[in-house]
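Taking it in order: structure first as structure tokens, then the write-up.
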Amino acid sequence: DFNFSRLIPDALRCAVTGKKLYIRSDGKFVRDYVYVKDIARAYIILAERMLQRRLRGEAFNFSDENPMTVLAVVKKIYAAANARPNYAVLNKAKYEIKEQFLSSEKARRLLGWKPRYSFDEALEETVDWYRTQFGRSR
């Protein structure tokens, strides 16, 4: 993901390149993060189950159900990148939801889906990918 207005892409880019990260919020906003590989697998399972069980018109949330603050995520990113934390908290975010996370209970129950990757496992792969994009190796 190269949308650097989002937390994880921007923090990863900054961690692997040594640039300073600017956090728009106070760092205490809570979000739920899930690895893209888990989401892709979720959509495949959903499509298969829709055909098998006729699950039309249903809505599903896919989440690892492990909400974290922005600062917790940033600290994990710098640790995974083995980089010295280099960020500033701007506390300028307006009109954003303080806590936003999902329940995947329905997806577990009706689809048998759950994430395969923990946040830390996903982060390890993602850091490696960003390093290759920005020409830096471990």
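The chains in the structure tokens are called A, B, ... from first to last as shown; in each chain the residues are counted from 1, and the ligands are counted from 1 in the order shown.
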
Report the closest atom pair, with its distance in Å rounded to one decimal, for each residue of stretch 32-95 of chain A that has an atom no farther than 12 Å from stretch 6-26 of chain A; count only C-alpha atoms, sort by chain and then rising residue number, and write it as JSON lines.
```
{"residue": "A:Asp32", "atom": "CA", "partner": "A:Ile8", "partner_atom": "CA", "distance": 11.8}
{"residue": "A:Tyr33", "atom": "CA", "partner": "A:Ile8", "partner_atom": "CA", "distance": 9.4}
{"residue": "A:Val34", "atom": "CA", "partner": "A:Ile8", "partner_atom": "CA", "distance": 11.3}
{"residue": "A:Tyr35", "atom": "CA", "partner": "A:Ile8", "partner_atom": "CA", "distance": 11.1}
{"residue": "A:Thr69", "atom": "CA", "partner": "A:Asp26", "partner_atom": "CA", "distance": 9.8}
{"residue": "A:Val70", "atom": "CA", "partner": "A:Leu7", "partner_atom": "CA", "distance": 7.9}
{"residue": "A:Leu71", "atom": "CA", "partner": "A:Asp26", "partner_atom": "CA", "distance": 8.6}
{"residue": "A:Ala72", "atom": "CA", "partner": "A:Ile8", "partner_atom": "CA", "distance": 11.6}
{"residue": "A:Val73", "atom": "CA", "partner": "A:Ile8", "partner_atom": "CA", "distance": 7.9}
{"residue": "A:Val74", "atom": "CA", "partner": "A:Ala11", "partner_atom": "CA", "distance": 6.5}
{"residue": "A:Lys75", "atom": "CA", "partner": "A:Ala11", "partner_atom": "CA", "distance": 9.5}
{"residue": "A:Lys76", "atom": "CA", "partner": "A:Ala11", "partner_atom": "CA", "distance": 10.1}
{"residue": "A:Ile77", "atom": "CA", "partner": "A:Leu12", "partner_atom": "CA", "distance": 6.5}
{"residue": "A:Tyr78", "atom": "CA", "partner": "A:Ala15", "partner_atom": "CA", "distance": 5.7}
{"residue": "A:Ala79", "atom": "CA", "partner": "A:Ala15", "partner_atom": "CA", "distance": 9.1}
{"residue": "A:Ala80", "atom": "CA", "partner": "A:Ala15", "partner_atom": "CA", "distance": 9.2}
{"residue": "A:Ala81", "atom": "CA", "partner": "A:Ala15", "partner_atom": "CA", "distance": 6.3}
{"residue": "A:Asn82", "atom": "CA", "partner": "A:Ala15", "partner_atom": "CA", "distance": 8.3}
{"residue": "A:Ala83", "atom": "CA", "partner": "A:Ala15", "partner_atom": "CA", "distance": 6.0}
{"residue": "A:Arg84", "atom": "CA", "partner": "A:Ala15", "partner_atom": "CA", "distance": 7.8}
{"residue": "A:Pro85", "atom": "CA", "partner": "A:Ala15", "partner_atom": "CA", "distance": 7.5}
{"residue": "A:Asn86", "atom": "CA", "partner": "A:Lys20", "partner_atom": "CA", "distance": 5.2}
{"residue": "A:Tyr87", "atom": "CA", "partner": "A:Leu21", "partner_atom": "CA", "distance": 4.4}
{"residue": "A:Ala88", "atom": "CA", "partner": "A:Tyr22", "partner_atom": "CA", "distance": 5.0}
{"residue": "A:Val89", "atom": "CA", "partner": "A:Ile23", "partner_atom": "CA", "distance": 4.8}
{"residue": "A:Leu90", "atom": "CA", "partner": "A:Arg24", "partner_atom": "CA", "distance": 5.1}
{"residue": "A:Asn91", "atom": "CA", "partner": "A:Asp26", "partner_atom": "CA", "distance": 4.2}
{"residue": "A:Lys92", "atom": "CA", "partner": "A:Arg24", "partner_atom": "CA", "distance": 5.4}
{"residue": "A:Ala93", "atom": "CA", "partner": "A:Ser25", "partner_atom": "CA", "distance": 4.6}
{"residue": "A:Lys94", "atom": "CA", "partner": "A:Ser25", "partner_atom": "CA", "distance": 8.0}
{"residue": "A:Tyr95", "atom": "CA", "partner": "A:Ser25", "partner_atom": "CA", "distance": 10.5}
```

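Every protein, DNA or RNA residue with an atom at most 10 Å from A:Asp128, where only C-alpha atoms count and chain neighbours fewer than 2 positions away do not, is listed here: Leu12, Val16, Ala80, Ala81, Leu123, Glu124, Glu125, Thr126, Tyr130, Arg131, Thr132, Gln133, Arg136, Ser137 and Arg138 of chain A.
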
Take the residues that were just selected and, keeping N, CA and C atoms, output them as a PDB file, in the first residue's frame.
```pdb
ATOM      1  N   LEU A  12       5.574   2.616   8.060  1.00  0.00           N
ATOM      2  CA  LEU A  12       6.539   1.658   7.507  1.00  0.00           C
ATOM      3  C   LEU A  12       7.553   2.365   6.620  1.00  0.00           C
ATOM      4  N   VAL A  16      11.597   2.388   7.557  1.00  0.00           N
ATOM      5  CA  VAL A  16      12.640   1.776   6.727  1.00  0.00           C
ATOM      6  C   VAL A  16      13.522   2.800   6.015  1.00  0.00           C
ATOM      7  N   ALA A  80       9.645  -3.864  14.702  1.00  0.00           N
ATOM      8  CA  ALA A  80       9.742  -4.873  13.645  1.00  0.00           C
ATOM      9  C   ALA A  80      10.762  -4.476  12.584  1.00  0.00           C
ATOM     10  N   ALA A  81      10.892  -3.186  12.352  1.00  0.00           N
ATOM     11  CA  ALA A  81      11.855  -2.689  11.364  1.00  0.00           C
ATOM     12  C   ALA A  81      13.246  -2.535  11.967  1.00  0.00           C
ATOM     13  N   LEU A 123       3.177  -8.042  10.232  1.00  0.00           N
ATOM     14  CA  LEU A 123       4.088  -6.905  10.218  1.00  0.00           C
ATOM     15  C   LEU A 123       5.481  -7.318   9.754  1.00  0.00           C
ATOM     16  N   GLU A 124       5.931  -8.481  10.176  1.00  0.00           N
ATOM     17  CA  GLU A 124       7.246  -8.966   9.746  1.00  0.00           C
ATOM     18  C   GLU A 124       7.322  -9.088   8.227  1.00  0.00           C
ATOM     19  N   GLU A 125       6.324  -9.710   7.633  1.00  0.00           N
ATOM     20  CA  GLU A 125       6.284  -9.826   6.163  1.00  0.00           C
ATOM     21  C   GLU A 125       6.181  -8.455   5.500  1.00  0.00           C
ATOM     22  N   THR A 126       5.373  -7.586   6.085  1.00  0.00           N
ATOM     23  CA  THR A 126       5.133  -6.270   5.491  1.00  0.00           C
ATOM     24  C   THR A 126       6.380  -5.394   5.566  1.00  0.00           C
ATOM     25  N   TYR A 130       8.239  -3.680   2.356  1.00  0.00           N
ATOM     26  CA  TYR A 130       8.559  -2.250   2.246  1.00  0.00           C
ATOM     27  C   TYR A 130      10.053  -2.022   2.060  1.00  0.00           C
ATOM     28  N   ARG A 131      10.875  -2.848   2.711  1.00  0.00           N
ATOM     29  CA  ARG A 131      12.329  -2.720   2.517  1.00  0.00           C
ATOM     30  C   ARG A 131      12.705  -2.955   1.055  1.00  0.00           C
ATOM     31  N   THR A 132      12.079  -3.950   0.429  1.00  0.00           N
ATOM     32  CA  THR A 132      12.411  -4.197  -0.986  1.00  0.00           C
ATOM     33  C   THR A 132      11.937  -3.040  -1.860  1.00  0.00           C
ATOM     34  N   GLN A 133      10.837  -2.399  -1.512  1.00  0.00           N
ATOM     35  CA  GLN A 133      10.318  -1.278  -2.291  1.00  0.00           C
ATOM     36  C   GLN A 133      11.202  -0.044  -2.181  1.00  0.00           C
ATOM     37  N   ARG A 136      16.134  -1.080   0.781  1.00  0.00           N
ATOM     38  CA  ARG A 136      16.902  -1.281   2.013  1.00  0.00           C
ATOM     39  C   ARG A 136      16.724  -2.724   2.468  1.00  0.00           C
ATOM     40  N   SER A 137      17.811  -3.343   2.830  1.00  0.00           N
ATOM     41  CA  SER A 137      17.718  -4.702   3.362  1.00  0.00           C
ATOM     42  C   SER A 137      18.068  -4.665   4.839  1.00  0.00           C
ATOM     43  N   ARG A 138      17.845  -5.786   5.505  1.00  0.00           N
ATOM     44  CA  ARG A 138      18.107  -5.850   6.959  1.00  0.00           C
ATOM     45  C   ARG A 138      19.548  -5.640   7.273  1.00  0.00           C
TER      46      ARG A 138
END
```

| said: Restricting the calculation to only C-alpha atoms: of A:Tyr43, A:Gly57, A:Ser118, A:Phe29, which residue gets closest to A:Gln100? | reply: A:Phe29

| field | Residues of chain A in helix (DSSP H, G or I), written as a VMD selection string | value | chain A and resid 7 to 17 36 to 53 70 to 80 105 to 111 119 to 133
